[in-house]
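The file my_file34.cif contains mmCIF, N, CA and C atoms:
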```cif
data_structure
loop_
_atom_site.label_atom_id
_atom_site.label_comp_id
_atom_site.auth_asym_id
_atom_site.auth_seq_id
_atom_site.Cartn_x
_atom_site.Cartn_y
_atom_site.Cartn_z
N MET F 10 95.81 103.01 98.86
CA MET F 10 97.20 103.09 98.48
C MET F 10 97.64 104.53 98.70
N LYS F 11 98.84 104.68 99.19
CA LYS F 11 99.37 106.01 99.46
C LYS F 11 100.63 106.23 98.66
N ALA F 12 100.82 107.49 98.26
CA ALA F 12 102.06 107.89 97.61
C ALA F 12 102.44 109.26 98.15
N LEU F 13 103.72 109.47 98.31
CA LEU F 13 104.24 110.78 98.62
C LEU F 13 105.11 111.16 97.44
N LEU F 14 104.72 112.22 96.74
CA LEU F 14 105.44 112.67 95.55
C LEU F 14 106.35 113.82 95.92
N GLN F 15 107.56 113.76 95.42
CA GLN F 15 108.47 114.89 95.56
C GLN F 15 108.96 115.25 94.16
N ARG F 16 108.69 116.50 93.79
CA ARG F 16 109.21 116.99 92.51
C ARG F 16 110.70 117.21 92.72
N VAL F 17 111.50 116.59 91.86
CA VAL F 17 112.95 116.62 92.05
C VAL F 17 113.68 117.13 90.82
N ARG F 18 114.84 117.67 91.07
CA ARG F 18 115.76 117.99 89.97
C ARG F 18 116.57 116.76 89.61
N GLN F 19 116.79 115.91 90.64
CA GLN F 19 117.44 114.61 90.44
C GLN F 19 117.19 113.77 91.67
N ALA F 20 117.21 112.46 91.49
CA ALA F 20 117.05 111.55 92.62
C ALA F 20 117.67 110.21 92.25
N ARG F 21 118.11 109.51 93.29
CA ARG F 21 118.64 108.16 93.08
C ARG F 21 118.42 107.36 94.34
N VAL F 22 118.41 106.05 94.16
CA VAL F 22 118.31 105.15 95.30
C VAL F 22 119.50 104.19 95.24
N ASP F 23 120.20 104.09 96.38
CA ASP F 23 121.36 103.22 96.49
C ASP F 23 121.03 102.06 97.42
N ILE F 24 121.59 100.90 97.09
CA ILE F 24 121.48 99.72 97.94
C ILE F 24 122.88 99.16 98.08
N ASN F 25 123.34 99.03 99.32
CA ASN F 25 124.69 98.53 99.60
C ASN F 25 125.76 99.30 98.82
N GLY F 26 125.59 100.62 98.74
CA GLY F 26 126.59 101.47 98.09
C GLY F 26 126.51 101.52 96.58
N GLU F 27 125.59 100.78 95.97
CA GLU F 27 125.45 100.78 94.51
C GLU F 27 124.13 101.42 94.12
N THR F 28 124.17 102.23 93.07
CA THR F 28 122.95 102.89 92.60
C THR F 28 122.05 101.87 91.92
N MET F 29 120.83 101.76 92.42
CA MET F 29 119.82 100.84 91.87
C MET F 29 119.00 101.54 90.78
N GLY F 30 118.63 102.79 91.02
CA GLY F 30 117.84 103.56 90.07
C GLY F 30 118.11 105.03 90.23
N ALA F 31 118.01 105.77 89.14
CA ALA F 31 118.26 107.21 89.19
C ALA F 31 117.48 107.92 88.10
N ILE F 32 117.10 109.16 88.38
CA ILE F 32 116.44 110.01 87.39
C ILE F 32 117.01 111.42 87.49
N GLY F 33 116.81 112.17 86.43
CA GLY F 33 117.06 113.60 86.46
C GLY F 33 115.79 114.28 86.92
N PRO F 34 115.39 115.37 86.29
CA PRO F 34 114.15 116.04 86.69
C PRO F 34 112.95 115.11 86.57
N GLY F 35 112.05 115.18 87.56
CA GLY F 35 110.86 114.35 87.53
C GLY F 35 110.25 114.21 88.90
N LEU F 36 109.74 113.01 89.19
CA LEU F 36 109.06 112.75 90.45
C LEU F 36 109.67 111.55 91.17
N LEU F 37 109.99 111.75 92.44
CA LEU F 37 110.28 110.64 93.33
C LEU F 37 108.93 110.22 93.90
N VAL F 38 108.57 108.96 93.72
CA VAL F 38 107.29 108.43 94.18
C VAL F 38 107.56 107.42 95.29
N LEU F 39 107.28 107.82 96.54
CA LEU F 39 107.35 106.89 97.66
C LEU F 39 105.98 106.23 97.74
N LEU F 40 105.94 104.91 97.61
CA LEU F 40 104.69 104.18 97.39
C LEU F 40 104.42 103.18 98.50
N CYS F 41 103.18 103.18 99.00
CA CYS F 41 102.78 102.28 100.08
C CYS F 41 101.46 101.60 99.74
N ALA F 42 101.49 100.28 99.72
CA ALA F 42 100.25 99.50 99.56
C ALA F 42 99.70 99.22 100.95
N GLU F 43 98.39 99.37 101.08
CA GLU F 43 97.73 99.15 102.37
C GLU F 43 96.79 97.96 102.28
N VAL F 44 96.38 97.48 103.44
CA VAL F 44 95.43 96.37 103.51
C VAL F 44 94.19 96.73 102.70
N GLY F 45 93.77 95.82 101.82
CA GLY F 45 92.58 96.03 101.00
C GLY F 45 92.83 96.67 99.65
N ASP F 46 94.05 97.14 99.40
CA ASP F 46 94.34 97.74 98.10
C ASP F 46 94.31 96.68 97.00
N THR F 47 94.04 97.13 95.79
CA THR F 47 93.91 96.24 94.64
C THR F 47 94.71 96.80 93.47
N PRO F 48 94.94 95.98 92.44
CA PRO F 48 95.59 96.51 91.24
C PRO F 48 94.81 97.67 90.62
N ALA F 49 93.49 97.66 90.72
CA ALA F 49 92.69 98.77 90.18
C ALA F 49 93.01 100.08 90.90
N VAL F 50 93.23 100.01 92.21
CA VAL F 50 93.60 101.21 92.97
C VAL F 50 94.98 101.68 92.51
N ALA F 51 95.91 100.76 92.32
CA ALA F 51 97.25 101.12 91.84
C ALA F 51 97.17 101.79 90.48
N ASP F 52 96.31 101.30 89.60
CA ASP F 52 96.15 101.89 88.27
C ASP F 52 95.60 103.31 88.36
N ARG F 53 94.61 103.51 89.23
CA ARG F 53 94.04 104.85 89.41
C ARG F 53 95.08 105.82 89.97
N LEU F 54 95.88 105.33 90.91
CA LEU F 54 96.92 106.16 91.51
C LEU F 54 97.96 106.55 90.46
N LEU F 55 98.38 105.60 89.66
CA LEU F 55 99.35 105.90 88.60
C LEU F 55 98.79 106.94 87.63
N ALA F 56 97.54 106.77 87.21
CA ALA F 56 96.93 107.73 86.29
C ALA F 56 96.93 109.13 86.90
N LYS F 57 96.62 109.23 88.17
CA LYS F 57 96.61 110.52 88.86
C LYS F 57 98.00 111.13 88.89
N ILE F 58 99.00 110.32 89.23
CA ILE F 58 100.37 110.81 89.31
C ILE F 58 100.86 111.31 87.96
N LEU F 59 100.60 110.56 86.91
CA LEU F 59 101.08 110.94 85.58
C LEU F 59 100.44 112.22 85.06
N LYS F 60 99.25 112.54 85.52
CA LYS F 60 98.54 113.72 85.03
C LYS F 60 98.54 114.91 86.00
N LEU F 61 99.08 114.71 87.20
CA LEU F 61 99.09 115.76 88.21
C LEU F 61 99.93 116.94 87.74
N ARG F 62 99.33 118.10 87.72
CA ARG F 62 100.00 119.29 87.17
C ARG F 62 100.76 120.02 88.29
N ILE F 63 102.02 119.62 88.46
CA ILE F 63 102.85 120.23 89.51
C ILE F 63 104.21 120.71 88.99
N PHE F 64 104.32 120.82 87.65
CA PHE F 64 105.52 121.37 87.04
C PHE F 64 105.17 122.70 86.38
N ALA F 65 106.13 123.60 86.36
CA ALA F 65 105.89 124.96 85.87
C ALA F 65 105.72 125.01 84.36
N ASP F 66 104.80 125.88 83.93
CA ASP F 66 104.66 126.20 82.51
C ASP F 66 105.53 127.42 82.20
N GLU F 67 105.37 128.00 81.01
CA GLU F 67 106.19 129.15 80.60
C GLU F 67 105.99 130.35 81.52
N ALA F 68 104.82 130.45 82.13
CA ALA F 68 104.51 131.58 83.01
C ALA F 68 104.91 131.30 84.46
N GLY F 69 105.49 130.14 84.72
CA GLY F 69 105.90 129.81 86.07
C GLY F 69 104.79 129.23 86.94
N LYS F 70 103.63 128.96 86.35
CA LYS F 70 102.50 128.38 87.09
C LYS F 70 102.60 126.86 87.06
N MET F 71 102.19 126.20 88.14
CA MET F 71 102.16 124.74 88.16
C MET F 71 101.00 124.29 87.27
N ASN F 72 101.33 124.00 86.02
CA ASN F 72 100.30 123.71 85.03
C ASN F 72 100.68 122.55 84.11
N ARG F 73 101.80 121.89 84.40
CA ARG F 73 102.26 120.79 83.56
C ARG F 73 102.47 119.53 84.40
N SER F 74 102.25 118.39 83.74
CA SER F 74 102.44 117.10 84.40
C SER F 74 103.84 116.56 84.11
N VAL F 75 104.19 115.49 84.79
CA VAL F 75 105.47 114.83 84.54
C VAL F 75 105.53 114.34 83.09
N GLN F 76 104.40 113.94 82.55
CA GLN F 76 104.36 113.53 81.14
C GLN F 76 104.59 114.72 80.22
N ASP F 77 103.97 115.86 80.56
CA ASP F 77 104.13 117.05 79.73
C ASP F 77 105.57 117.51 79.63
N VAL F 78 106.32 117.39 80.74
CA VAL F 78 107.70 117.88 80.77
C VAL F 78 108.73 116.80 80.44
N GLY F 79 108.27 115.56 80.23
CA GLY F 79 109.20 114.48 79.91
C GLY F 79 110.09 114.10 81.08
N GLY F 80 109.58 114.24 82.30
CA GLY F 80 110.36 113.92 83.49
C GLY F 80 110.36 112.43 83.80
N GLY F 81 111.27 112.03 84.65
CA GLY F 81 111.36 110.64 85.06
C GLY F 81 110.53 110.35 86.30
N LEU F 82 110.33 109.07 86.55
CA LEU F 82 109.71 108.59 87.78
C LEU F 82 110.71 107.68 88.48
N LEU F 83 110.94 107.91 89.75
CA LEU F 83 111.71 106.99 90.57
C LEU F 83 110.75 106.47 91.62
N VAL F 84 110.39 105.18 91.52
CA VAL F 84 109.37 104.57 92.37
C VAL F 84 110.07 103.74 93.45
N VAL F 85 109.80 104.11 94.72
CA VAL F 85 110.45 103.47 95.86
C VAL F 85 109.38 102.97 96.83
N SER F 86 109.44 101.70 97.19
CA SER F 86 108.48 101.16 98.15
C SER F 86 108.74 101.78 99.53
N GLN F 87 107.65 102.11 100.22
CA GLN F 87 107.77 102.84 101.48
C GLN F 87 106.61 102.48 102.41
N PHE F 88 106.68 101.29 103.04
CA PHE F 88 105.58 100.84 103.88
C PHE F 88 105.34 101.76 105.06
N THR F 89 106.34 102.55 105.45
CA THR F 89 106.18 103.43 106.62
C THR F 89 105.17 104.55 106.39
N LEU F 90 104.74 104.76 105.15
CA LEU F 90 103.66 105.73 104.91
C LEU F 90 102.35 105.28 105.55
N ALA F 91 102.26 104.01 105.90
CA ALA F 91 101.06 103.49 106.57
C ALA F 91 101.13 103.65 108.09
N ALA F 92 102.12 104.36 108.57
CA ALA F 92 102.30 104.51 110.02
C ALA F 92 101.08 105.12 110.69
N ASP F 93 100.69 104.50 111.80
CA ASP F 93 99.63 105.03 112.66
C ASP F 93 100.33 105.52 113.92
N THR F 94 100.31 106.83 114.15
CA THR F 94 101.02 107.42 115.28
C THR F 94 100.07 107.95 116.35
N ARG F 95 98.81 107.54 116.29
CA ARG F 95 97.82 108.07 117.23
C ARG F 95 98.02 107.58 118.66
N GLY F 96 98.58 106.40 118.85
CA GLY F 96 98.74 105.86 120.20
C GLY F 96 100.19 105.72 120.58
N GLY F 97 100.63 106.43 121.57
CA GLY F 97 102.00 106.29 122.05
C GLY F 97 103.02 106.89 121.12
N ASN F 98 104.27 106.49 121.34
CA ASN F 98 105.39 107.06 120.59
C ASN F 98 106.02 106.10 119.59
N ARG F 99 105.50 104.89 119.53
CA ARG F 99 106.02 103.92 118.57
C ARG F 99 104.95 103.71 117.50
N PRO F 100 105.26 104.01 116.24
CA PRO F 100 104.25 103.86 115.19
C PRO F 100 103.84 102.40 114.99
N SER F 101 102.60 102.22 114.61
CA SER F 101 102.09 100.90 114.23
C SER F 101 101.99 100.87 112.71
N PHE F 102 102.34 99.74 112.13
CA PHE F 102 102.30 99.61 110.67
C PHE F 102 101.30 98.55 110.24
N THR F 103 100.31 98.27 111.08
CA THR F 103 99.34 97.23 110.77
C THR F 103 98.48 97.58 109.56
N GLY F 104 98.42 98.84 109.18
CA GLY F 104 97.66 99.23 108.00
C GLY F 104 98.35 98.92 106.69
N ALA F 105 99.65 98.65 106.74
CA ALA F 105 100.39 98.31 105.52
C ALA F 105 99.98 96.93 105.05
N ALA F 106 99.97 96.74 103.76
CA ALA F 106 99.68 95.41 103.20
C ALA F 106 100.75 94.43 103.66
N PRO F 107 100.38 93.16 103.87
CA PRO F 107 101.41 92.16 104.20
C PRO F 107 102.49 92.15 103.11
N PRO F 108 103.72 91.79 103.45
CA PRO F 108 104.82 91.90 102.49
C PRO F 108 104.56 91.28 101.11
N ALA F 109 104.03 90.09 101.03
CA ALA F 109 103.80 89.45 99.72
C ALA F 109 102.80 90.25 98.90
N GLU F 110 101.74 90.71 99.54
CA GLU F 110 100.72 91.51 98.84
C GLU F 110 101.28 92.88 98.47
N GLY F 111 102.05 93.47 99.38
CA GLY F 111 102.68 94.76 99.09
C GLY F 111 103.60 94.67 97.89
N GLN F 112 104.37 93.59 97.82
CA GLN F 112 105.28 93.44 96.68
C GLN F 112 104.51 93.22 95.39
N ARG F 113 103.46 92.44 95.46
CA ARG F 113 102.64 92.20 94.26
C ARG F 113 102.07 93.52 93.73
N LEU F 114 101.56 94.37 94.62
CA LEU F 114 101.00 95.65 94.19
C LEU F 114 102.08 96.62 93.72
N TYR F 115 103.22 96.61 94.39
CA TYR F 115 104.35 97.45 93.97
C TYR F 115 104.80 97.03 92.56
N ASP F 116 104.97 95.73 92.35
CA ASP F 116 105.39 95.23 91.03
C ASP F 116 104.36 95.58 89.96
N HIS F 117 103.08 95.48 90.30
CA HIS F 117 102.02 95.85 89.36
C HIS F 117 102.13 97.33 89.00
N PHE F 118 102.29 98.19 90.01
CA PHE F 118 102.40 99.63 89.79
C PHE F 118 103.59 99.94 88.88
N VAL F 119 104.74 99.33 89.17
CA VAL F 119 105.95 99.59 88.38
C VAL F 119 105.75 99.12 86.93
N ALA F 120 105.20 97.94 86.74
CA ALA F 120 104.96 97.44 85.38
C ALA F 120 104.01 98.36 84.62
N ALA F 121 102.95 98.81 85.28
CA ALA F 121 102.01 99.72 84.63
C ALA F 121 102.68 101.06 84.32
N ALA F 122 103.52 101.55 85.24
CA ALA F 122 104.23 102.80 85.00
C ALA F 122 105.17 102.67 83.80
N ARG F 123 105.86 101.54 83.71
CA ARG F 123 106.79 101.35 82.57
C ARG F 123 106.04 101.23 81.25
N ALA F 124 104.82 100.72 81.30
CA ALA F 124 104.02 100.61 80.08
C ALA F 124 103.47 101.98 79.65
N ALA F 125 103.30 102.88 80.61
CA ALA F 125 102.66 104.17 80.32
C ALA F 125 103.62 105.35 80.21
N HIS F 126 104.86 105.18 80.68
CA HIS F 126 105.79 106.31 80.78
C HIS F 126 107.18 105.86 80.37
N PRO F 127 107.90 106.67 79.60
CA PRO F 127 109.17 106.21 79.04
C PRO F 127 110.33 106.07 80.02
N GLN F 128 110.32 106.80 81.13
CA GLN F 128 111.47 106.76 82.03
C GLN F 128 111.01 106.43 83.45
N VAL F 129 111.22 105.18 83.85
CA VAL F 129 110.83 104.72 85.18
C VAL F 129 112.01 103.96 85.78
N ALA F 130 112.46 104.42 86.94
CA ALA F 130 113.51 103.74 87.69
C ALA F 130 112.91 103.31 89.03
N THR F 131 113.57 102.37 89.70
CA THR F 131 113.02 101.86 90.96
C THR F 131 114.11 101.60 91.98
N GLY F 132 113.64 101.39 93.19
CA GLY F 132 114.46 100.79 94.22
C GLY F 132 114.20 99.29 94.18
N ARG F 133 114.35 98.63 95.33
CA ARG F 133 114.05 97.20 95.43
C ARG F 133 113.13 97.00 96.62
N PHE F 134 112.00 96.37 96.38
CA PHE F 134 111.01 96.16 97.42
C PHE F 134 111.64 95.46 98.62
N GLY F 135 111.44 96.03 99.81
CA GLY F 135 111.90 95.41 101.05
C GLY F 135 113.36 95.61 101.38
N ALA F 136 114.11 96.26 100.50
CA ALA F 136 115.54 96.45 100.74
C ALA F 136 115.78 97.65 101.65
N ASP F 137 116.95 97.66 102.28
CA ASP F 137 117.41 98.82 103.03
C ASP F 137 118.02 99.77 102.00
N MET F 138 117.33 100.87 101.74
CA MET F 138 117.73 101.77 100.66
C MET F 138 118.11 103.14 101.21
N GLN F 139 119.02 103.78 100.53
CA GLN F 139 119.36 105.17 100.81
C GLN F 139 118.87 105.98 99.62
N VAL F 140 117.96 106.91 99.87
CA VAL F 140 117.36 107.71 98.82
C VAL F 140 117.98 109.10 98.87
N HIS F 141 118.53 109.53 97.74
CA HIS F 141 119.16 110.84 97.62
C HIS F 141 118.32 111.65 96.64
N LEU F 142 118.04 112.89 97.02
CA LEU F 142 117.24 113.72 96.12
C LEU F 142 117.55 115.18 96.30
N VAL F 143 117.30 115.91 95.23
CA VAL F 143 117.28 117.36 95.28
C VAL F 143 115.85 117.75 95.00
N ASN F 144 115.13 118.12 96.07
CA ASN F 144 113.72 118.48 95.96
C ASN F 144 113.63 119.82 95.24
N ASP F 145 112.78 119.91 94.26
CA ASP F 145 112.63 121.09 93.42
C ASP F 145 111.43 121.89 93.90
N GLY F 146 111.68 123.03 94.49
CA GLY F 146 110.60 123.91 94.93
C GLY F 146 110.78 124.42 96.35
N PRO F 147 110.68 123.61 97.35
CA PRO F 147 110.31 122.19 97.36
C PRO F 147 108.82 122.00 97.08
N VAL F 148 108.54 120.93 96.36
CA VAL F 148 107.16 120.52 96.11
C VAL F 148 107.03 119.08 96.57
N THR F 149 106.17 118.87 97.57
CA THR F 149 105.91 117.54 98.13
C THR F 149 104.40 117.38 98.25
N ILE F 150 103.86 116.34 97.61
CA ILE F 150 102.40 116.16 97.53
C ILE F 150 102.04 114.75 98.02
N PRO F 151 101.22 114.66 99.08
CA PRO F 151 100.70 113.33 99.47
C PRO F 151 99.43 113.00 98.69
N ILE F 152 99.29 111.74 98.32
CA ILE F 152 98.07 111.26 97.64
C ILE F 152 97.65 109.96 98.31
N GLU F 153 96.36 109.84 98.57
CA GLU F 153 95.82 108.60 99.14
C GLU F 153 94.55 108.25 98.38
N LEU F 154 94.51 107.03 97.86
CA LEU F 154 93.32 106.51 97.18
C LEU F 154 92.87 105.24 97.89
N ARG F 155 91.59 105.08 98.05
CA ARG F 155 91.03 103.90 98.70
C ARG F 155 90.30 103.03 97.69
N PRO F 156 90.22 101.74 97.98
CA PRO F 156 89.48 100.84 97.07
C PRO F 156 88.01 101.24 96.96
#
```
What does the file become when written as structure tokens?
Amino acid sequence: MKALLQRVRQARVDINGETMGAIGPGLLVLLCAEVGDTPAVADRLLAKILKLRIFADEAGKMNRSVQDVGGGLLVVSQFTLAADTRGGNRPSFTGAAPPAEGQRLYDHFVAAARAAHPQVATGRFGADMQVHLVNDGPVTIPIELRP
């Protein structure tokens, strides 16, 4: 499972001109389920994200997690993180989980995030979304966990 985290001052996702989910300071989580991923992998990834120390402490050092600072999570499905660009100029997405499995894992991740964290917003799996964000830092962290 892959995630691309962006520390944000604010972020929102719009679908057909309407805001689906929005947060203030926190993390935009672009999430991709890959072939072979399991709910256990999603749980490990969530635990890592919630504890990752990428927010500033009083001394300005990245020493606090999203939980420590009370930040929000905006979770957006992003199958294109599975892109394989090694051959030619057109990416292959065969590494992404099939849509039904991807949605099942995305829904599992979101439900687990809502159970573990007070502020979780989302996009809509498979929708054409416009993501707006103010990247803070900028801080952008890729994470990949395998089964």
| message | Here's the selection I'm unsure about, the PyMOL selection byres ((chain F and resi 62) around 8); applied to the file above, which residues does it give, as number ranges by chain? | response | F: 57-61, 63-65, 70-75
Hey, could you make a per-residue contact list for region 58-90 of chain F against region 24-46 of chain F with 7 Å as the cut-off, showing the nearest pair of atoms and its distance in Å to one decimal, counting only N, CA and C atoms, sorted by chain and number, as JSON lines?
```
{"residue": "F:Val75", "atom": "CA", "partner": "F:Gly35", "partner_atom": "CA", "distance": 6.2}
{"residue": "F:Gly79", "atom": "C", "partner": "F:Pro34", "partner_atom": "C", "distance": 6.3}
{"residue": "F:Gly80", "atom": "CA", "partner": "F:Gly35", "partner_atom": "CA", "distance": 4.1}
{"residue": "F:Gly81", "atom": "N", "partner": "F:Gly35", "partner_atom": "CA", "distance": 3.7}
{"residue": "F:Leu82", "atom": "CA", "partner": "F:Leu36", "partner_atom": "C", "distance": 4.5}
{"residue": "F:Leu83", "atom": "C", "partner": "F:Val38", "partner_atom": "N", "distance": 3.9}
{"residue": "F:Val84", "atom": "CA", "partner": "F:Val38", "partner_atom": "C", "distance": 4.5}
{"residue": "F:Val85", "atom": "C", "partner": "F:Leu40", "partner_atom": "N", "distance": 4.0}
{"residue": "F:Ser86", "atom": "CA", "partner": "F:Leu40", "partner_atom": "C", "distance": 4.5}
{"residue": "F:Gln87", "atom": "N", "partner": "F:Leu40", "partner_atom": "C", "distance": 3.8}
{"residue": "F:Phe88", "atom": "CA", "partner": "F:Cys41", "partner_atom": "CA", "distance": 4.9}
{"residue": "F:Thr89", "atom": "N", "partner": "F:Cys41", "partner_atom": "CA", "distance": 6.4}
{"residue": "F:Leu90", "atom": "N", "partner": "F:Cys41", "partner_atom": "CA", "distance": 6.0}
```
| query | Skipping near chain neighbours, those fewer than 6 positions away, what residues fall within 6.5 Å of Leu142 (chain F) using only N, CA and C atoms, listed as a PyMOL selection string? | reply | chain F and resi 17-21
Could you please take those selected residues and save N, CA and C atoms as a compact mmCIF listing (two decimals), in the coordinates of the input?
```txt
# COMPACT_ATOMS: atom_id res chain seq x y z
N VAL F 17 111.50 116.59 91.86
CA VAL F 17 112.95 116.62 92.05
C VAL F 17 113.68 117.13 90.82
N ARG F 18 114.84 117.67 91.07
CA ARG F 18 115.76 117.99 89.97
C ARG F 18 116.57 116.76 89.61
N GLN F 19 116.79 115.91 90.64
CA GLN F 19 117.44 114.61 90.44
C GLN F 19 117.19 113.77 91.67
N ALA F 20 117.21 112.46 91.49
CA ALA F 20 117.05 111.55 92.62
C ALA F 20 117.67 110.21 92.25
N ARG F 21 118.11 109.51 93.29
CA ARG F 21 118.64 108.16 93.08
C ARG F 21 118.42 107.36 94.34
```
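Applied to the file shown here, the PyMOL selection byres ((chain F and resi 14) around 6) selects the residues Ala12, Leu13, Gln15, Arg16, Leu37, Val38, Leu39, Val148, Thr149, Ile150, Pro151 and Ile152 of chain F.
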| Point-to-point distance in Å for CA of Ala106 (chain F) and CA of Ala51 (chain F) | 12.9 Å
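Atom C of Ala92 (chain F) to atom N of Gln112 (chain F) spans 17.6 Å [interatomic distance, one decimal].
Nearest residue to Lys11 (chain F), choosing from F:Ala91, F:Asp52, F:Asp116, F:Asp77 and counting only C-alpha atoms: F:Ala91.
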| Between atom C of Glu153 (chain F) and CA of Leu54 (chain F), what is the spacing in Å? | 7.6 Å
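Near Ala49 (chain F), within 12 Å and counting only C-alpha atoms, sit Met10, Gly45, Arg53, Leu54, Leu55, Ala56, Leu114, His117, Phe118, Ala121, Leu154, Arg155 and Pro156 of chain F, not including residues fewer than 4 positions from it in the same chain.
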| Looking only at the backbone, which of the residues in region 14-121 of chain F does DSSP tag as helix (DSSP H, G or I), as a ChimeraX atom specification? | /F:48-60,75-78,88-91,108-121
| task | Extract the full set of strand (DSSP E) residues from region 83-131 of chain F according to DSSP on the backbone, and format it as number ranges by chain. | result | F: 83-86, 129-131
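If only C-alpha atoms are the atoms counted, then among F:Val143, F:Gly132, F:Thr103, F:Asp23 the closest residue to Val119 (chain F) is F:Gly132.
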Determine the axis-aligned bounding box of all atoms of region 45-61 of chain F present in the file, pad each side by 8 Å, and express its centre and edge lengths in Å to one decimal place as AutoDock Vina command-line options.
```
--center_x 96.8 --center_y 106.4 --center_z 93.4 --size_x 24.5 --size_y 37.1 --size_z 32.8
```
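Using only C-alpha atoms, the nearest neighbour of Arg133 (chain F) within the list F:Ala109, F:Tyr115, F:Thr47, F:Pro100 is F:Tyr115.
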